[in-house]
>>> print(open('final.cif').read())   # mmCIF, C-alpha atoms and all ligand atoms
data_work
#
loop_
_atom_site.label_atom_id
_atom_site.label_comp_id
_atom_site.auth_asym_id
_atom_site.auth_seq_id
_atom_site.Cartn_x
_atom_site.Cartn_y
_atom_site.Cartn_z
CA MET Q 1 -5.95 16.76 8.70
CA ILE Q 2 -7.27 13.21 8.82
CA ILE Q 3 -10.54 11.93 7.35
CA GLN Q 4 -11.72 8.54 8.58
CA LYS Q 5 -13.81 6.36 6.29
CA GLU Q 6 -15.21 2.92 7.04
CA TYR Q 7 -15.86 0.10 4.59
CA LYS Q 8 -16.53 -3.62 4.71
CA PHE Q 9 -16.33 -6.72 2.57
CA TYR Q 10 -16.95 -10.43 2.98
CA ALA Q 11 -14.26 -12.93 2.03
CA ALA Q 12 -13.12 -16.49 2.57
CA HIS Q 13 -9.58 -17.42 3.55
CA ARG Q 14 -7.48 -19.78 5.58
CA ASN Q 15 -4.00 -19.60 7.07
CA GLU Q 16 -2.25 -22.76 5.90
CA GLU Q 17 0.72 -22.06 8.19
CA LEU Q 18 -1.33 -22.32 11.38
CA TYR Q 19 -2.24 -25.67 12.87
CA ASP Q 20 -5.46 -24.58 14.55
CA LYS Q 21 -8.97 -23.44 13.57
CA CYS Q 22 -7.50 -20.79 11.23
CA ARG Q 23 -6.19 -23.52 8.92
CA ASN Q 24 -9.78 -24.39 7.99
CA LEU Q 25 -11.30 -22.59 5.06
CA HIS Q 26 -13.65 -20.02 6.65
CA GLY Q 27 -15.07 -16.56 6.08
CA HIS Q 28 -15.07 -13.12 7.68
CA ARG Q 29 -16.85 -9.85 7.44
CA TYR Q 30 -13.73 -7.71 7.13
CA GLY Q 31 -13.99 -4.14 8.33
CA LEU Q 32 -11.73 -1.45 6.97
CA ARG Q 33 -11.16 1.91 8.60
CA CYS Q 34 -9.06 4.23 6.46
CA PHE Q 35 -7.31 7.28 7.95
CA PHE Q 36 -6.68 9.56 4.97
CA GLU Q 37 -4.29 12.50 5.22
CA VAL Q 38 -5.90 15.45 3.43
CA LYS Q 39 -5.24 19.13 2.85
CA ARG Q 40 -7.93 21.72 3.46
CA SER Q 41 -8.82 24.06 0.63
CA GLY Q 42 -11.29 26.69 1.83
CA ALA Q 43 -14.22 25.10 3.62
CA LEU Q 44 -13.47 21.58 2.41
CA SER Q 45 -10.71 19.08 1.70
CA THR Q 46 -11.30 15.84 -0.21
CA LEU Q 47 -15.04 15.15 -0.46
CA PHE Q 48 -16.17 12.03 1.43
CA GLY Q 49 -17.76 10.84 -1.81
CA ASP Q 50 -14.40 11.04 -3.62
CA PHE Q 51 -13.09 8.28 -1.36
CA ASP Q 52 -16.23 6.17 -1.80
CA ALA Q 53 -16.15 6.57 -5.58
CA LYS Q 54 -12.83 4.73 -5.71
CA ILE Q 55 -12.74 2.52 -2.61
CA GLU Q 56 -16.21 0.98 -2.89
CA PRO Q 57 -15.83 -0.38 -6.46
CA TYR Q 58 -12.28 -1.53 -5.64
CA LEU Q 59 -13.55 -3.60 -2.69
CA LYS Q 60 -16.55 -4.89 -4.60
CA ASP Q 61 -14.50 -5.93 -7.65
CA GLN Q 62 -11.42 -7.32 -5.97
CA TYR Q 63 -12.41 -8.54 -2.50
CA ASP Q 64 -16.12 -8.87 -1.78
CA HIS Q 65 -17.40 -12.46 -1.77
CA GLY Q 66 -14.01 -13.58 -2.99
CA MET Q 67 -11.30 -15.72 -1.47
CA LEU Q 68 -7.95 -14.51 -0.16
CA ILE Q 69 -5.28 -17.03 -1.08
CA HIS Q 70 -1.51 -17.34 -0.75
CA THR Q 71 0.33 -18.46 -3.88
CA GLY Q 72 2.29 -20.84 -1.63
CA ASP Q 73 -0.86 -22.55 -0.29
CA SER Q 74 -1.35 -25.98 -1.91
CA LEU Q 75 -5.05 -25.10 -2.15
CA TYR Q 76 -4.15 -22.39 -4.68
CA ALA Q 77 -2.86 -24.96 -7.20
CA THR Q 78 -5.94 -27.12 -6.54
CA LEU Q 79 -8.28 -24.19 -7.25
CA GLN Q 80 -6.38 -23.25 -10.39
CA ASP Q 81 -6.55 -26.85 -11.58
CA HIS Q 82 -10.31 -26.92 -10.88
CA MET Q 83 -10.86 -23.71 -12.84
CA GLN Q 84 -8.84 -25.00 -15.76
CA ARG Q 85 -10.67 -28.35 -15.87
CA THR Q 86 -14.21 -27.04 -15.41
CA GLY Q 87 -14.11 -23.51 -16.78
CA GLU Q 88 -15.65 -22.34 -13.49
CA ARG Q 89 -14.20 -19.02 -12.31
CA PHE Q 90 -13.55 -18.20 -8.66
CA LYS Q 91 -12.84 -14.71 -7.43
CA LEU Q 92 -9.37 -15.13 -5.94
CA LYS Q 93 -7.39 -12.33 -4.33
CA VAL Q 94 -3.84 -13.60 -4.51
CA LEU Q 95 -1.29 -12.68 -1.84
CA ASP Q 96 2.46 -13.36 -1.90
CA GLY Q 97 2.34 -14.53 1.72
CA PRO Q 98 -0.12 -16.20 4.12
CA THR Q 99 -3.45 -14.39 4.35
CA SER Q 100 -2.91 -12.96 7.83
CA VAL Q 101 -4.48 -9.60 8.63
CA GLU Q 102 -0.95 -8.17 8.74
CA ASN Q 103 -0.26 -9.25 5.13
CA LEU Q 104 -3.73 -8.17 4.02
CA ALA Q 105 -3.17 -4.75 5.61
CA HIS Q 106 0.11 -4.38 3.71
CA LYS Q 107 -1.55 -5.27 0.41
CA MET Q 108 -4.52 -2.96 0.93
CA PHE Q 109 -2.33 -0.10 2.13
CA THR Q 110 -0.30 -0.48 -1.09
CA GLU Q 111 -3.36 -0.69 -3.34
CA ILE Q 112 -5.11 2.30 -1.75
CA THR Q 113 -1.87 4.30 -2.00
CA GLU Q 114 -1.64 3.37 -5.70
CA MET Q 115 -5.13 4.87 -6.15
CA GLY Q 116 -3.63 8.23 -5.26
CA PHE Q 117 -4.72 8.50 -1.61
CA ARG Q 118 -2.30 9.13 1.25
CA LEU Q 119 -3.06 6.89 4.21
CA GLN Q 120 -1.84 7.72 7.67
CA GLN Q 121 -3.00 4.32 8.88
CA LEU Q 122 -5.39 1.51 8.11
CA GLU Q 123 -7.37 -0.57 10.56
CA VAL Q 124 -8.36 -4.02 9.39
CA ARG Q 125 -10.94 -5.83 11.50
CA GLU Q 126 -11.12 -9.59 10.99
CA THR Q 127 -13.42 -10.63 13.82
CA ASP Q 128 -15.58 -8.93 16.46
CA THR Q 129 -12.59 -8.89 18.81
CA SER Q 130 -9.53 -8.65 16.53
CA VAL Q 131 -8.35 -5.53 14.71
CA VAL Q 132 -4.91 -4.73 13.29
CA THR Q 133 -3.87 -1.08 13.22
CA TYR Q 134 -1.36 -0.72 10.41
CA THR Q 135 0.53 2.57 10.25
CA ARG Q 136 2.54 4.24 7.49
CA ASP Q 137 5.69 3.32 9.48
CA ASP Q 138 4.56 -0.34 9.50
CA TRP Q 139 4.07 -0.15 5.74
CA ASP Q 140 7.54 1.37 5.18
CA GLU Q 141 9.14 -1.29 7.37
CA HIS Q 142 7.21 -4.09 5.64
CA ASN Q 143 8.34 -2.77 2.23
CA ARG Q 144 11.97 -2.63 3.41
CA ASP Q 145 11.75 -6.23 4.71
CA MET Q 146 10.26 -7.42 1.43
CA ALA Q 147 12.97 -5.65 -0.60
CA ALA Q 148 15.67 -7.22 1.60
CA GLU Q 149 14.13 -10.69 1.17
CA GLN Q 150 13.95 -10.15 -2.58
CA ALA Q 151 17.58 -9.03 -2.71
CA ALA Q 152 18.68 -12.06 -0.65
CA ALA Q 153 16.78 -14.39 -3.01
CA ASN Q 154 18.52 -12.97 -6.12
N1 LIG Q 201 -1.71 -11.81 14.48
C1 LIG Q 201 -2.70 -12.54 13.92
N2 LIG Q 201 -3.31 -13.48 14.64
C2 LIG Q 201 -4.30 -14.22 14.08
C3 LIG Q 201 -4.69 -13.98 12.74
C4 LIG Q 201 -4.02 -12.98 12.01
O1 LIG Q 201 -4.29 -12.72 10.83
N3 LIG Q 201 -3.04 -12.29 12.64
N4 LIG Q 201 -5.72 -14.69 12.22
C5 LIG Q 201 -6.39 -15.62 12.89
C6 LIG Q 201 -7.51 -16.38 12.24
O2 LIG Q 201 -7.60 -16.08 10.86
C7 LIG Q 201 -8.93 -16.31 12.86
O3 LIG Q 201 -9.94 -16.36 11.87
C8 LIG Q 201 -9.24 -15.16 13.73
O4 LIG Q 201 -8.91 -15.57 14.99
P1 LIG Q 201 -9.60 -15.18 16.35
O5 LIG Q 201 -9.62 -13.71 16.54
O6 LIG Q 201 -8.97 -16.01 17.38
O7 LIG Q 201 -11.09 -15.64 16.02
P2 LIG Q 201 -12.36 -15.81 16.95
O8 LIG Q 201 -13.49 -15.22 16.22
O9 LIG Q 201 -12.55 -17.21 17.32
O10 LIG Q 201 -12.01 -14.97 18.18
P3 LIG Q 201 -12.99 -14.46 19.30
O11 LIG Q 201 -12.06 -13.79 20.26
O12 LIG Q 201 -13.65 -15.66 19.83
O13 LIG Q 201 -13.94 -13.50 18.65
C9 LIG Q 201 -6.00 -15.96 14.26
N5 LIG Q 201 -4.93 -15.17 14.80
#
>>> encode(input="final.cif", output="structure tokens")
Amino acid sequence: MIIQKEYKFYAAHRNEELYDKCRNLHGHRYGLRCFFEVKRSGALSTLFGDFDAKIEPYLKDQYDHGMLIHTGDSLYATLQDHMQRTGERFKLKVLDGPTSVENLAHKMFTEITEMGFRLQQLEVRETDTSVVTYTRDDWDEHNRDMAAEQAAAN
């Protein structure tokens, strides 16, 4: 059985690898639709509130009104330098790759899985017209690709 839950957060990002509008630092209202695989026990399965109790604070603490940033983006070093010099703290959500919706979906799928939930798929909406549907097969393939890249680098 699948339970769908919807969440949102606001975050800044840019994609430093693209030479168009997406290279500019800008913000989105990200929408998240989680498709949780659950098992029925009597009249109920997992309570809707059990998802909210974990997902809402996770989004609020780690993503909302923060900035998604790739460690390889030169802006990351600049922000770290600024924080070190001034003591000002920015809420940065650090990704190993460019902050595309595809990479964000991989990271969030991993983090939500680590919370103990089993996702069938995750939809990440970046704009009014653009949504990525990221399945468990996509996640497995992404993990295999990352492991192969890691092995090649060693
Ligand atoms: N496959 C991907 N394509 C694009 C991504 C992405 O993560 N994966 N990201 C972007 C940009 O970040 C951009 O912010 C969103 O682009 P776009 O949908 O073109 O934005 P608009 O709001 O201008 O689109 P409308 O169709 O006018 O709503 C680009 N591509």
>>> axis_aligned_box(input="final.cif", around="region 91-107 of chain Q", padding_each_side="4 Å", output="lines of an AutoDock Vina configuration file")
center_x = -5.2
center_y = -10.3
center_z = 0.7
size_x = 23.3
size_y = 19.8
size_z = 24.2
>>> atom_distance(input="final.cif", atom1="CA of Glu126 (chain Q)", atom2="CA of Asp81 (chain Q)")
28.8 Å
>>> closest_residue(input="final.cif", among="Q:Gly42, Q:Gly31, Q:Pro57, Q:Pro98", to="ligand LIG 201 (chain Q)", atoms="all atoms listed in the file")
Q:Pro98
>>> residues_around(input="final.cif", residues="Ser100 (chain Q)", least_positions_apart="4", cutoff="9 Å", atoms="all atoms listed in the file", output="PyMOL selection string")
chain Q and resi 14-15+104-105
>>> residues_around(input="final.cif", residues="Phe36 (chain Q)", least_positions_apart="2", cutoff="9 Å", atoms="only C-alpha atoms", output="ChimeraX atom specification")
/Q:1-5,34,38,117-122
>>> closest_residue(input="final.cif", among="Q:Glu141, Q:Asp128, Q:Asp52, Q:Glu17", to="ligand LIG 201 (chain Q)", atoms="only C-alpha atoms and all ligand atoms")
Q:Asp128
>>> closest_atom_pairs(input="final.cif", of="region 48-152 of chain Q", to="region 24-27 of chain Q", cutoff="12 Å", atoms="all atoms listed in the file", output="Markdown table")
| residue | atom | partner | partner_atom | distance |
| --- | --- | --- | --- | --- |
| Q:Asp64 | CA | Q:Gly27 | CA | 11.0 |
| Q:His65 | CA | Q:Gly27 | CA | 9.2 |
| Q:Gly66 | CA | Q:Gly27 | CA | 9.6 |
| Q:Met67 | CA | Q:Gly27 | CA | 8.5 |
| Q:Leu68 | CA | Q:Gly27 | CA | 9.7 |
| Q:Ile69 | CA | Q:Leu25 | CA | 10.2 |
| Q:Asp73 | CA | Q:Leu25 | CA | 11.7 |
| Q:Leu75 | CA | Q:Leu25 | CA | 9.9 |
| Q:Thr99 | CA | Q:Leu25 | CA | 11.4 |
| Q:Glu126 | CA | Q:Gly27 | CA | 9.4 |
| Q:Thr127 | CA | Q:Gly27 | CA | 9.9 |
>>> write_last_selection(input="final.cif", atoms="C-alpha atoms", output="mmCIF file, in the coordinates of the input")
data_model
loop_
_atom_site.group_PDB
_atom_site.id
_atom_site.type_symbol
_atom_site.label_atom_id
_atom_site.label_comp_id
_atom_site.auth_asym_id
_atom_site.auth_seq_id
_atom_site.Cartn_x
_atom_site.Cartn_y
_atom_site.Cartn_z
ATOM 1 C CA ASP Q 64 -16.120 -8.870 -1.780
ATOM 2 C CA HIS Q 65 -17.400 -12.460 -1.770
ATOM 3 C CA GLY Q 66 -14.010 -13.580 -2.990
ATOM 4 C CA MET Q 67 -11.300 -15.720 -1.470
ATOM 5 C CA LEU Q 68 -7.950 -14.510 -0.160
ATOM 6 C CA ILE Q 69 -5.280 -17.030 -1.080
ATOM 7 C CA ASP Q 73 -0.860 -22.550 -0.290
ATOM 8 C CA LEU Q 75 -5.050 -25.100 -2.150
ATOM 9 C CA THR Q 99 -3.450 -14.390 4.350
ATOM 10 C CA GLU Q 126 -11.120 -9.590 10.990
ATOM 11 C CA THR Q 127 -13.420 -10.630 13.820
#
>>> closest_residue(input="final.cif", among="Q:Thr71, Q:Ser41, Q:Thr135, Q:Asn154", to="Glu102 (chain Q)", atoms="only C-alpha atoms")
Q:Thr135
>>> closest_residue(input="final.cif", among="Q:Gly97, Q:Gly72, Q:Gly116, Q:Gly87", to="Ile55 (chain Q)", atoms="only C-alpha atoms")
Q:Gly116
>>> closest_residue(input="final.cif", among="Q:Leu92, Q:Ala11, Q:Ala152, Q:Leu44", to="ligand LIG 201 (chain Q)", atoms="all atoms listed in the file")
Q:Ala11
>>> closest_residue(input="final.cif", among="Q:Arg125, Q:His82, Q:Lys8, Q:Lys93", to="ligand LIG 201 (chain Q)", atoms="only C-alpha atoms and all ligand atoms")
Q:Arg125
>>> atom_distance(input="final.cif", atom1="CA of Val101 (chain Q)", atom2="atom C1 of ligand LIG 201 (chain Q)")
6.3 Å
>>> atom_distance(input="final.cif", atom1="CA of Asp96 (chain Q)", atom2="CA of His70 (chain Q)")
5.7 Å
>>> residues_near_point(input="final.cif", point="(-5.1, -2.2, 10.0)", cutoff="6 Å", atoms="all atoms listed in the file", output="count of residues only")
7
